file start_16.cif (mmCIF, C-alpha atoms and all ligand atoms)
data_query
loop_
_atom_site.label_atom_id
_atom_site.label_comp_id
_atom_site.auth_asym_id
_atom_site.auth_seq_id
_atom_site.Cartn_x
_atom_site.Cartn_y
_atom_site.Cartn_z
CA MET A 1 0.00 0.00 0.00
CA ARG A 2 1.17 3.50 -0.72
CA LYS A 3 2.82 5.62 1.95
CA ASN A 4 1.55 8.79 3.51
CA ILE A 5 4.27 11.43 3.40
CA VAL A 6 4.65 14.97 4.65
CA ALA A 7 7.66 16.66 3.04
CA GLY A 8 8.98 20.14 3.69
CA ASN A 9 10.36 22.25 0.86
CA TRP A 10 12.45 24.97 2.41
CA LYS A 11 13.17 26.67 -0.94
CA MET A 12 15.83 29.44 -0.73
CA ASN A 13 15.35 30.10 2.96
CA THR A 14 17.53 29.80 6.08
CA THR A 15 21.25 30.30 6.57
CA LEU A 16 23.22 27.17 7.41
CA ALA A 17 22.94 27.78 11.17
CA GLU A 18 19.21 28.51 10.95
CA GLY A 19 18.62 25.46 8.78
CA VAL A 20 20.50 23.08 11.06
CA GLY A 21 18.56 24.56 13.98
CA LEU A 22 15.22 24.02 12.26
CA ALA A 23 16.17 20.46 11.27
CA LYS A 24 17.17 19.70 14.86
CA ASP A 25 13.86 21.08 16.14
CA VAL A 26 11.88 18.86 13.77
CA ASN A 27 14.08 15.89 14.63
CA GLU A 28 13.54 16.51 18.34
CA ALA A 29 9.78 16.84 17.93
CA LEU A 30 9.69 13.53 16.05
CA LYS A 31 11.48 11.74 18.88
CA ASN A 32 8.41 12.14 21.05
CA ALA A 33 5.88 11.61 18.29
CA THR A 34 4.48 8.56 16.56
CA PRO A 35 3.72 10.05 13.17
CA LYS A 36 1.27 8.24 10.94
CA CYS A 37 3.28 9.25 7.89
CA ASP A 38 6.84 9.42 6.65
CA VAL A 39 8.38 12.82 7.34
CA VAL A 40 10.93 14.40 4.99
CA ILE A 41 12.69 17.76 4.81
CA CYS A 42 14.09 19.03 1.50
CA VAL A 43 16.73 21.64 2.14
CA PRO A 44 19.21 23.82 0.21
CA PHE A 45 22.27 21.99 -1.19
CA THR A 46 24.58 23.91 1.14
CA HIS A 47 22.76 22.48 4.17
CA LEU A 48 22.50 18.82 3.19
CA ALA A 49 25.63 17.35 4.78
CA SER A 50 25.29 19.34 8.02
CA VAL A 51 21.60 18.50 8.36
CA ALA A 52 22.32 14.82 7.64
CA ALA A 53 24.80 14.83 10.54
CA ALA A 54 22.34 16.58 12.87
CA ILE A 55 19.25 14.38 12.46
CA ASP A 56 18.24 10.73 12.62
CA THR A 57 17.73 10.12 8.90
CA ASP A 58 15.84 6.89 9.62
CA LYS A 59 13.09 8.93 11.29
CA LEU A 60 13.36 12.16 9.33
CA GLY A 61 14.09 11.71 5.64
CA LEU A 62 16.37 14.20 3.96
CA GLY A 63 16.13 15.52 0.43
CA ALA A 64 17.47 18.12 -1.98
CA GLU A 65 15.31 20.61 -3.85
CA ASN A 66 16.80 19.94 -7.28
CA CYS A 67 19.68 18.20 -9.03
CA ALA A 68 21.53 18.70 -12.30
CA ASP A 69 20.57 17.12 -15.61
CA HIS A 70 24.14 15.90 -16.11
CA VAL A 71 26.03 13.38 -14.04
CA LYS A 72 29.35 15.25 -13.79
CA GLY A 73 31.74 17.57 -15.57
CA ALA A 74 32.04 21.17 -16.70
CA TYR A 75 28.71 22.55 -15.48
CA THR A 76 29.80 25.39 -13.21
CA GLY A 77 27.49 25.91 -10.27
CA GLU A 78 25.44 22.75 -10.75
CA VAL A 79 25.00 19.95 -8.19
CA SER A 80 24.65 16.39 -9.47
CA ALA A 81 22.49 13.52 -8.24
CA PRO A 82 25.58 11.57 -7.08
CA MET A 83 26.69 14.62 -5.07
CA VAL A 84 23.25 14.85 -3.45
CA ALA A 85 23.23 11.14 -2.64
CA SER A 86 26.75 11.35 -1.17
CA THR A 87 25.46 13.66 1.58
CA GLY A 88 23.03 11.06 2.92
CA ALA A 89 19.97 12.56 1.23
CA LYS A 90 17.39 10.06 0.02
CA TYR A 91 14.94 12.33 -1.83
CA VAL A 92 15.06 15.04 -4.44
CA ILE A 93 12.30 17.42 -5.50
CA LEU A 94 12.19 17.62 -9.30
CA GLY A 95 10.06 19.73 -11.61
CA HIS A 96 8.91 22.23 -9.02
CA SER A 97 6.93 24.97 -10.76
CA GLU A 98 9.48 27.56 -9.63
CA ARG A 99 12.18 25.59 -11.49
CA ARG A 100 9.95 25.26 -14.54
CA GLN A 101 8.94 28.95 -14.51
CA TYR A 102 12.13 30.76 -13.50
CA TYR A 103 14.82 28.38 -14.74
CA GLY A 104 13.26 27.08 -17.92
CA GLU A 105 13.09 23.42 -16.92
CA THR A 106 11.32 21.49 -19.65
CA SER A 107 10.01 17.94 -19.66
CA GLU A 108 13.12 16.91 -21.65
CA ILE A 109 15.42 18.27 -18.94
CA LEU A 110 13.29 16.74 -16.19
CA LYS A 111 13.43 13.34 -17.84
CA GLU A 112 17.22 13.40 -17.53
CA LYS A 113 17.04 14.54 -13.92
CA VAL A 114 14.61 11.76 -13.00
CA ASN A 115 16.86 9.13 -14.61
CA LEU A 116 19.96 10.44 -12.87
CA ALA A 117 18.19 10.61 -9.50
CA LEU A 118 16.87 7.05 -9.85
CA ALA A 119 20.35 5.83 -10.79
CA GLU A 120 21.50 7.10 -7.37
CA ASN A 121 18.57 5.48 -5.56
CA LEU A 122 17.17 8.90 -4.73
CA THR A 123 13.38 9.11 -4.57
CA PRO A 124 12.21 11.90 -6.85
CA ILE A 125 9.32 13.97 -5.52
CA PHE A 126 8.08 14.96 -8.95
CA CYS A 127 5.93 18.10 -9.09
CA ILE A 128 3.15 18.82 -11.55
CA GLY A 129 0.42 21.42 -11.62
CA GLU A 130 -1.39 24.01 -13.69
CA VAL A 131 -1.21 27.82 -13.61
CA LEU A 132 -4.22 29.98 -12.78
CA GLU A 133 -5.14 30.62 -16.41
CA GLN A 134 -5.32 26.86 -17.06
CA ARG A 135 -7.43 26.34 -13.93
CA GLU A 136 -9.81 29.05 -15.14
CA ASP A 137 -10.04 27.92 -18.76
CA GLY A 138 -10.68 24.33 -17.66
CA THR A 139 -7.60 22.73 -19.29
CA TYR A 140 -5.98 21.73 -15.99
CA ASN A 141 -6.48 17.98 -16.35
CA GLU A 142 -4.89 17.94 -19.81
CA VAL A 143 -2.00 20.13 -18.66
CA VAL A 144 -1.14 17.82 -15.79
CA THR A 145 -1.60 14.69 -17.94
CA LYS A 146 0.87 16.12 -20.46
CA GLN A 147 3.43 16.96 -17.76
CA ILE A 148 3.30 13.36 -16.52
CA GLU A 149 3.35 11.75 -19.97
CA GLU A 150 6.21 13.86 -21.31
CA ALA A 151 8.59 13.54 -18.39
CA LEU A 152 7.74 10.18 -16.87
CA PHE A 153 6.11 7.76 -19.28
CA ASP A 154 9.36 6.51 -20.78
CA LEU A 155 10.09 4.93 -17.40
CA THR A 156 9.59 1.22 -16.84
CA ALA A 157 6.82 0.31 -14.39
CA GLU A 158 9.53 -0.70 -11.92
CA ASP A 159 11.17 2.72 -12.08
CA PHE A 160 7.88 4.61 -12.10
CA SER A 161 6.99 2.82 -8.86
CA LYS A 162 9.95 4.50 -7.16
CA LEU A 163 8.52 8.00 -7.65
CA VAL A 164 6.46 10.18 -5.38
CA LEU A 165 4.26 12.71 -7.19
CA ALA A 166 3.24 16.11 -5.87
CA TYR A 167 0.28 17.97 -7.32
CA GLU A 168 0.93 21.65 -6.78
CA PRO A 169 -1.47 24.05 -8.47
CA VAL A 170 0.76 27.03 -9.20
CA TRP A 171 -1.98 29.47 -8.19
CA ALA A 172 -1.97 28.00 -4.69
CA ILE A 173 1.79 28.12 -4.07
CA GLY A 174 2.78 30.75 -1.55
CA THR A 175 -0.45 32.65 -2.18
CA GLY A 176 -2.41 31.59 0.88
CA LYS A 177 -5.05 30.35 -1.57
CA THR A 178 -5.34 26.59 -1.06
CA ALA A 179 -7.11 24.33 -3.49
CA THR A 180 -10.28 23.04 -1.87
CA ALA A 181 -10.12 19.47 -0.67
CA GLU A 182 -12.55 18.60 -3.49
CA GLN A 183 -10.37 20.25 -6.15
CA ALA A 184 -7.34 18.40 -4.81
CA GLU A 185 -9.17 15.07 -4.66
CA ASP A 186 -10.52 15.46 -8.22
CA MET A 187 -7.05 16.09 -9.58
CA HIS A 188 -5.39 13.36 -7.52
CA ALA A 189 -7.98 10.84 -8.72
CA HIS A 190 -7.36 12.04 -12.28
CA ILE A 191 -3.60 11.61 -11.87
CA ARG A 192 -4.10 8.12 -10.48
CA SER A 193 -6.27 7.20 -13.46
CA VAL A 194 -3.61 8.51 -15.88
CA ILE A 195 -1.02 6.33 -14.14
CA ALA A 196 -3.38 3.34 -14.18
CA GLY A 197 -3.91 3.83 -17.93
CA LYS A 198 -0.19 3.47 -18.56
CA TYR A 199 1.12 1.19 -15.80
CA GLY A 200 -1.99 -0.55 -14.46
CA LYS A 201 -4.07 -0.24 -11.32
CA GLU A 202 -1.56 -1.78 -8.95
CA VAL A 203 1.19 0.73 -9.77
CA ALA A 204 -1.36 3.57 -9.62
CA ASP A 205 -2.69 2.43 -6.25
CA ASN A 206 0.83 2.21 -4.86
CA THR A 207 1.92 5.70 -5.97
CA SER A 208 1.95 8.35 -3.25
CA ILE A 209 0.48 11.61 -4.55
CA LEU A 210 1.09 14.63 -2.32
CA TYR A 211 -0.75 17.93 -2.41
CA GLY A 212 1.21 21.19 -2.27
CA GLY A 213 0.15 24.83 -2.20
CA SER A 214 -0.56 26.83 0.97
CA CYS A 215 -1.03 23.68 3.02
CA LYS A 216 -0.99 24.52 6.73
CA PRO A 217 -2.00 22.98 10.06
CA SER A 218 -5.51 24.40 9.77
CA ASN A 219 -6.31 22.80 6.39
CA ALA A 220 -4.05 19.73 6.28
CA ALA A 221 -6.45 17.27 7.91
CA GLU A 222 -9.26 18.12 5.50
CA LEU A 223 -6.97 17.69 2.49
CA PHE A 224 -5.28 14.52 3.76
CA ALA A 225 -8.63 12.92 4.61
CA LYS A 226 -9.40 12.67 0.89
CA PRO A 227 -8.85 9.14 -0.39
CA ASP A 228 -6.34 10.03 -3.13
CA VAL A 229 -4.39 12.67 -1.18
CA ASP A 230 -1.46 10.90 0.43
CA GLY A 231 0.16 13.82 2.20
CA GLY A 232 1.66 17.18 1.45
CA LEU A 233 4.63 19.06 0.05
CA ILE A 234 4.92 22.03 2.36
CA GLY A 235 6.66 25.33 1.63
CA GLY A 236 6.11 28.28 3.95
CA ALA A 237 4.61 26.25 6.79
CA ALA A 238 7.69 23.98 6.85
CA LEU A 239 9.92 26.85 7.99
CA ASP A 240 8.63 26.63 11.53
CA ALA A 241 8.98 23.32 13.38
CA ALA A 242 5.70 23.69 15.28
CA SER A 243 3.62 24.43 12.18
CA PHE A 244 5.35 21.66 10.21
CA MET A 245 4.62 19.21 13.03
CA GLY A 246 1.04 20.47 13.09
CA ILE A 247 0.74 19.27 9.50
CA VAL A 248 2.51 15.97 10.24
CA ASN A 249 0.10 15.41 13.13
CA ALA A 250 -2.91 16.02 10.89
CA PHE A 251 -2.51 12.39 9.86
CA LYS A 252 -3.22 11.27 13.40
CA GLU A 253 -6.67 12.84 13.27
CA ILE A 254 -7.67 11.18 10.04
CA PHE A 255 -5.67 7.97 10.01
CA SER A 256 -8.46 5.79 11.27
CA LEU A 257 -10.81 7.21 8.64
CA LYS A 258 -8.52 6.45 5.72
CA ARG A 259 -6.90 3.10 6.28
P1 LIG B 1 3.68 26.77 -0.07
O1 LIG B 1 4.68 26.07 -1.13
O2 LIG B 1 3.32 25.70 0.93
O3 LIG B 1 4.49 27.88 0.53
O4 LIG B 1 2.50 27.24 -0.84
C1 LIG B 1 4.52 24.74 -1.51
C2 LIG B 1 5.58 24.36 -2.52
O5 LIG B 1 5.90 25.19 -3.39
O6 LIG B 1 6.13 23.25 -2.48
#
call {"tool": "encode", "arguments": {"input": "start_16.cif", "output": "structure tokens"}}
result
Amino acid sequence: MRKNIVAGNWKMNTTLAEGVGLAKDVNEALKNATPKCDVVICVPFTHLASVAAAIDTDKLGLGAENCADHVKGAYTGEVSAPMVASTGAKYVILGHSERRQYYGETSEILKEKVNLALAENLTPIFCIGEVLEQREDGTYNEVVTKQIEEALFDLTAEDFSKLVLAYEPVWAIGTGKTATAEQAEDMHAHIRSVIAGKYGKEVADNTSILYGGSCKPSNAAELFAKPDVDGGLIGGAALDAASFMGIVNAFKEIFSLKR
């Protein structure tokens, strides 16, 4: 059965000292908790090794926010999947809308990144989602289908099964405007049916699909209670240990309802 996961995406926030402090706070909070989900923090490259040394990575998974589309060589300023894996990280966010929008990441580029991450046994948290205009003109299902097909459908079923997906409607990211639980559920069910169409029901049923976009302690339980929403990718609310743990603990409230 698929896993429930709450993953933080710190983006370009925190100095090294602040980041290690935040990671330690989350790690400490988890010591006394029995979360009903896997908990992951995805942090800036510069923080990975120090955070890995400061936390119990068996209890608190560690990930990067990106990796390069080349394995090594003359790519000044880039950080490769093997470099990420060498820090102790186990996850990598790929295809975040901010990477697509501001850094021109196309499906072709993302395909390479996914392959390189999988080759290092990193779990890609692969992001998809429509912009406001596509939500309003009603093309959102096709947009998300295309993002999945273009970047991921060359994978074997075995490799596809190693992915985590994150549906993040771009209009909900950092805006305070969350998708309703119904909008999230509709899209997650759609995504699962697209996966089932290509890889079959078993692979689809076993794929964790997270929701991202202004998820916070006050709305997490409602979102996570939906049958196809398997957790969250959390930006702003992951920058404070108490609010992040509030979201992690949302699974306690609804666990008995879902499984
Ligand atoms: P947000 O970001 O929670 O701040 O909206 C989510 C994300 O971009 O992953």
call {"tool": "atom_distance", "arguments": {"input": "start_16.cif", "atom1": "atom CA of Phe244 of chain A", "atom2": "atom CA of Val84 of chain A"}}
result
23.5 Å
call {"tool": "closest_atom_pairs", "arguments": {"input": "start_16.cif", "of": "chain A", "to": "ligand LIG 1 (chain B)", "cutoff": "6 Å", "atoms": "all atoms listed in the file", "output": "Markdown table"}}
result
| residue | atom | partner | partner_atom | distance |
| --- | --- | --- | --- | --- |
| A:Asn9 | CA | B:LIG1 | O6 | 5.5 |
| A:Ala172 | CA | B:LIG1 | O4 | 5.9 |
| A:Ile173 | CA | B:LIG1 | O4 | 3.4 |
| A:Gly174 | CA | B:LIG1 | O4 | 3.6 |
| A:Gly212 | CA | B:LIG1 | C1 | 4.9 |
| A:Gly213 | CA | B:LIG1 | O4 | 3.6 |
| A:Ser214 | CA | B:LIG1 | O4 | 3.6 |
| A:Cys215 | CA | B:LIG1 | O2 | 5.2 |
| A:Leu233 | CA | B:LIG1 | O6 | 5.1 |
| A:Ile234 | CA | B:LIG1 | O2 | 4.3 |
| A:Gly235 | CA | B:LIG1 | O2 | 3.4 |
| A:Gly236 | CA | B:LIG1 | O3 | 3.8 |
call {"tool": "residues_around", "arguments": {"input": "start_16.cif", "residues": "segment 133-137 of chain A", "least_positions_apart": "2", "cutoff": "12 Å", "atoms": "only C-alpha atoms", "output": "JSON, numbers by chain"}}
result
{"A": [129, 130, 131, 139, 140, 141, 142, 143, 144, 168, 169, 170, 171, 172, 179, 183, 187]}
call {"tool": "residues_around", "arguments": {"input": "start_16.cif", "residues": "Ala220 of chain A", "least_positions_apart": "5", "cutoff": "8 Å", "atoms": "all atoms listed in the file", "output": "list of chain:residue names"}}
result
A:Cys215, A:Gly232, A:Ile247, A:Ala250
call {"tool": "write_last_selection", "arguments": {"input": "start_16.cif", "atoms": "C-alpha atoms", "output": "short mmCIF file (atom, residue, chain, number, x, y, z; two decimals), keeping the file's coordinate frame"}}
result
data_model
loop_
_atom_site.label_atom_id
_atom_site.label_comp_id
_atom_site.auth_asym_id
_atom_site.auth_seq_id
_atom_site.Cartn_x
_atom_site.Cartn_y
_atom_site.Cartn_z
CA CYS A 215 -1.03 23.68 3.02
CA GLY A 232 1.66 17.18 1.45
CA ILE A 247 0.74 19.27 9.50
CA ALA A 250 -2.91 16.02 10.89
#
call {"tool": "residues_around", "arguments": {"input": "start_16.cif", "residues": "Ala54 of chain A", "least_positions_apart": "6", "cutoff": "9 Å", "atoms": "all atoms listed in the file", "output": "PyMOL selection string"}}
result
chain A and resi 20-21+23-24+27
call {"tool": "atom_distance", "arguments": {"input": "start_16.cif", "atom1": "atom CA of His70 of chain A", "atom2": "atom CA of Arg100 of chain A"}}
result
17.1 Å
call {"tool": "residues_near_point", "arguments": {"input": "start_16.cif", "point": "(12.9, 31.2, -4.7)", "cutoff": "10 Å", "atoms": "all atoms listed in the file", "output": "count of residues only"}}
result
7
call {"tool": "closest_residue", "arguments": {"input": "start_16.cif", "among": "A:Asn249, A:Ser161, A:Ser218, A:Ser243", "to": "Arg2 of chain A", "atoms": "all atoms listed in the file"}}
result
A:Ser161
call {"tool": "closest_residue", "arguments": {"input": "start_16.cif", "among": "A:Asn4, A:Ala68, A:Lys216, A:Val114", "to": "Thr178 of chain A", "atoms": "all atoms listed in the file"}}
result
A:Lys216
call {"tool": "residues_around", "arguments": {"input": "start_16.cif", "residues": "segment 252-254 of chain A", "least_positions_apart": "6", "cutoff": "9 Å", "atoms": "all atoms listed in the file", "output": "ChimeraX atom specification"}}
result
/A:34-37,221-222,224-225
call {"tool": "residues_around", "arguments": {"input": "start_16.cif", "residues": "Asp186 of chain A", "least_positions_apart": "4", "cutoff": "12 Å", "atoms": "all atoms listed in the file", "output": "MDAnalysis selection string"}}
result
chainID A and resid 140:141 167 179:182 190:193 211 223 226:229
call {"tool": "atom_distance", "arguments": {"input": "start_16.cif", "atom1": "atom CA of Ser97 of chain A", "atom2": "atom CA of Val194 of chain A"}}
result
20.2 Å
call {"tool": "closest_residue", "arguments": {"input": "start_16.cif", "among": "A:Gln101, A:Ser80, A:Thr106, A:Asn219", "to": "Ala64 of chain A", "atoms": "only C-alpha atoms"}}
result
A:Ser80
call {"tool": "closest_residue", "arguments": {"input": "start_16.cif", "among": "A:Pro217, A:Cys127, A:Leu132, A:Glu158", "to": "Asp240 of chain A", "atoms": "all atoms listed in the file"}}
result
A:Pro217
call {"tool": "closest_residue", "arguments": {"input": "start_16.cif", "among": "A:Ala29, A:Leu163, A:Leu239, A:Ile148", "to": "Asn206 of chain A", "atoms": "all atoms listed in the file"}}
result
A:Leu163
call {"tool": "closest_residue", "arguments": {"input": "start_16.cif", "among": "A:His96, A:Lys3, A:Lys146, A:Lys72", "to": "Leu116 of chain A", "atoms": "all atoms listed in the file"}}
result
A:Lys72
call {"tool": "residues_near_point", "arguments": {"input": "start_16.cif", "point": "(18.8, 17.4, -5.5)", "cutoff": "7 Å", "atoms": "only C-alpha atoms", "output": "count of residues only"}}
result
9
call {"tool": "build_atoms", "arguments": {"input": "start_16.cif", "residues": "segment 171-188 of chain A", "atoms": "N, CA and C atoms", "output": "compact mmCIF listing (two decimals), keeping the file's coordinate frame"}}
result
# COMPACT_ATOMS: atom_id res chain seq x y z
N TRP A 171 -1.22 28.36 -8.77
CA TRP A 171 -1.98 29.47 -8.19
C TRP A 171 -2.15 29.34 -6.68
N ALA A 172 -1.82 28.20 -6.14
CA ALA A 172 -1.97 28.00 -4.69
C ALA A 172 -0.64 28.07 -3.96
N ILE A 173 0.47 28.16 -4.71
CA ILE A 173 1.79 28.12 -4.07
C ILE A 173 2.16 29.48 -3.51
N GLY A 174 2.34 29.52 -2.20
CA GLY A 174 2.78 30.75 -1.55
C GLY A 174 1.78 31.89 -1.61
N THR A 175 0.57 31.60 -2.00
CA THR A 175 -0.45 32.65 -2.18
C THR A 175 -1.44 32.69 -1.03
N GLY A 176 -1.41 31.68 -0.19
CA GLY A 176 -2.41 31.59 0.88
C GLY A 176 -3.73 31.04 0.36
N LYS A 177 -3.81 30.84 -0.94
CA LYS A 177 -5.05 30.35 -1.57
C LYS A 177 -4.92 28.84 -1.82
N THR A 178 -5.46 28.05 -0.93
CA THR A 178 -5.34 26.59 -1.06
C THR A 178 -6.40 26.07 -2.02
N ALA A 179 -6.06 25.02 -2.75
CA ALA A 179 -7.11 24.33 -3.49
C ALA A 179 -8.09 23.77 -2.46
N THR A 180 -9.36 23.69 -2.81
CA THR A 180 -10.28 23.04 -1.87
C THR A 180 -9.94 21.55 -1.84
N ALA A 181 -10.38 20.91 -0.78
CA ALA A 181 -10.12 19.47 -0.67
C ALA A 181 -10.75 18.74 -1.86
N GLU A 182 -11.87 19.23 -2.34
CA GLU A 182 -12.55 18.60 -3.49
C GLU A 182 -11.73 18.79 -4.77
N GLN A 183 -11.21 20.01 -4.97
CA GLN A 183 -10.37 20.25 -6.15
C GLN A 183 -9.13 19.36 -6.12
N ALA A 184 -8.54 19.24 -4.94
CA ALA A 184 -7.34 18.40 -4.81
C ALA A 184 -7.71 16.95 -5.10
N GLU A 185 -8.77 16.47 -4.47
CA GLU A 185 -9.17 15.07 -4.66
C GLU A 185 -9.48 14.78 -6.14
N ASP A 186 -10.19 15.68 -6.79
CA ASP A 186 -10.52 15.46 -8.22
C ASP A 186 -9.25 15.29 -9.04
N MET A 187 -8.29 16.17 -8.80
CA MET A 187 -7.05 16.09 -9.58
C MET A 187 -6.25 14.85 -9.21
N HIS A 188 -6.17 14.54 -7.93
CA HIS A 188 -5.39 13.36 -7.52
C HIS A 188 -6.00 12.09 -8.11
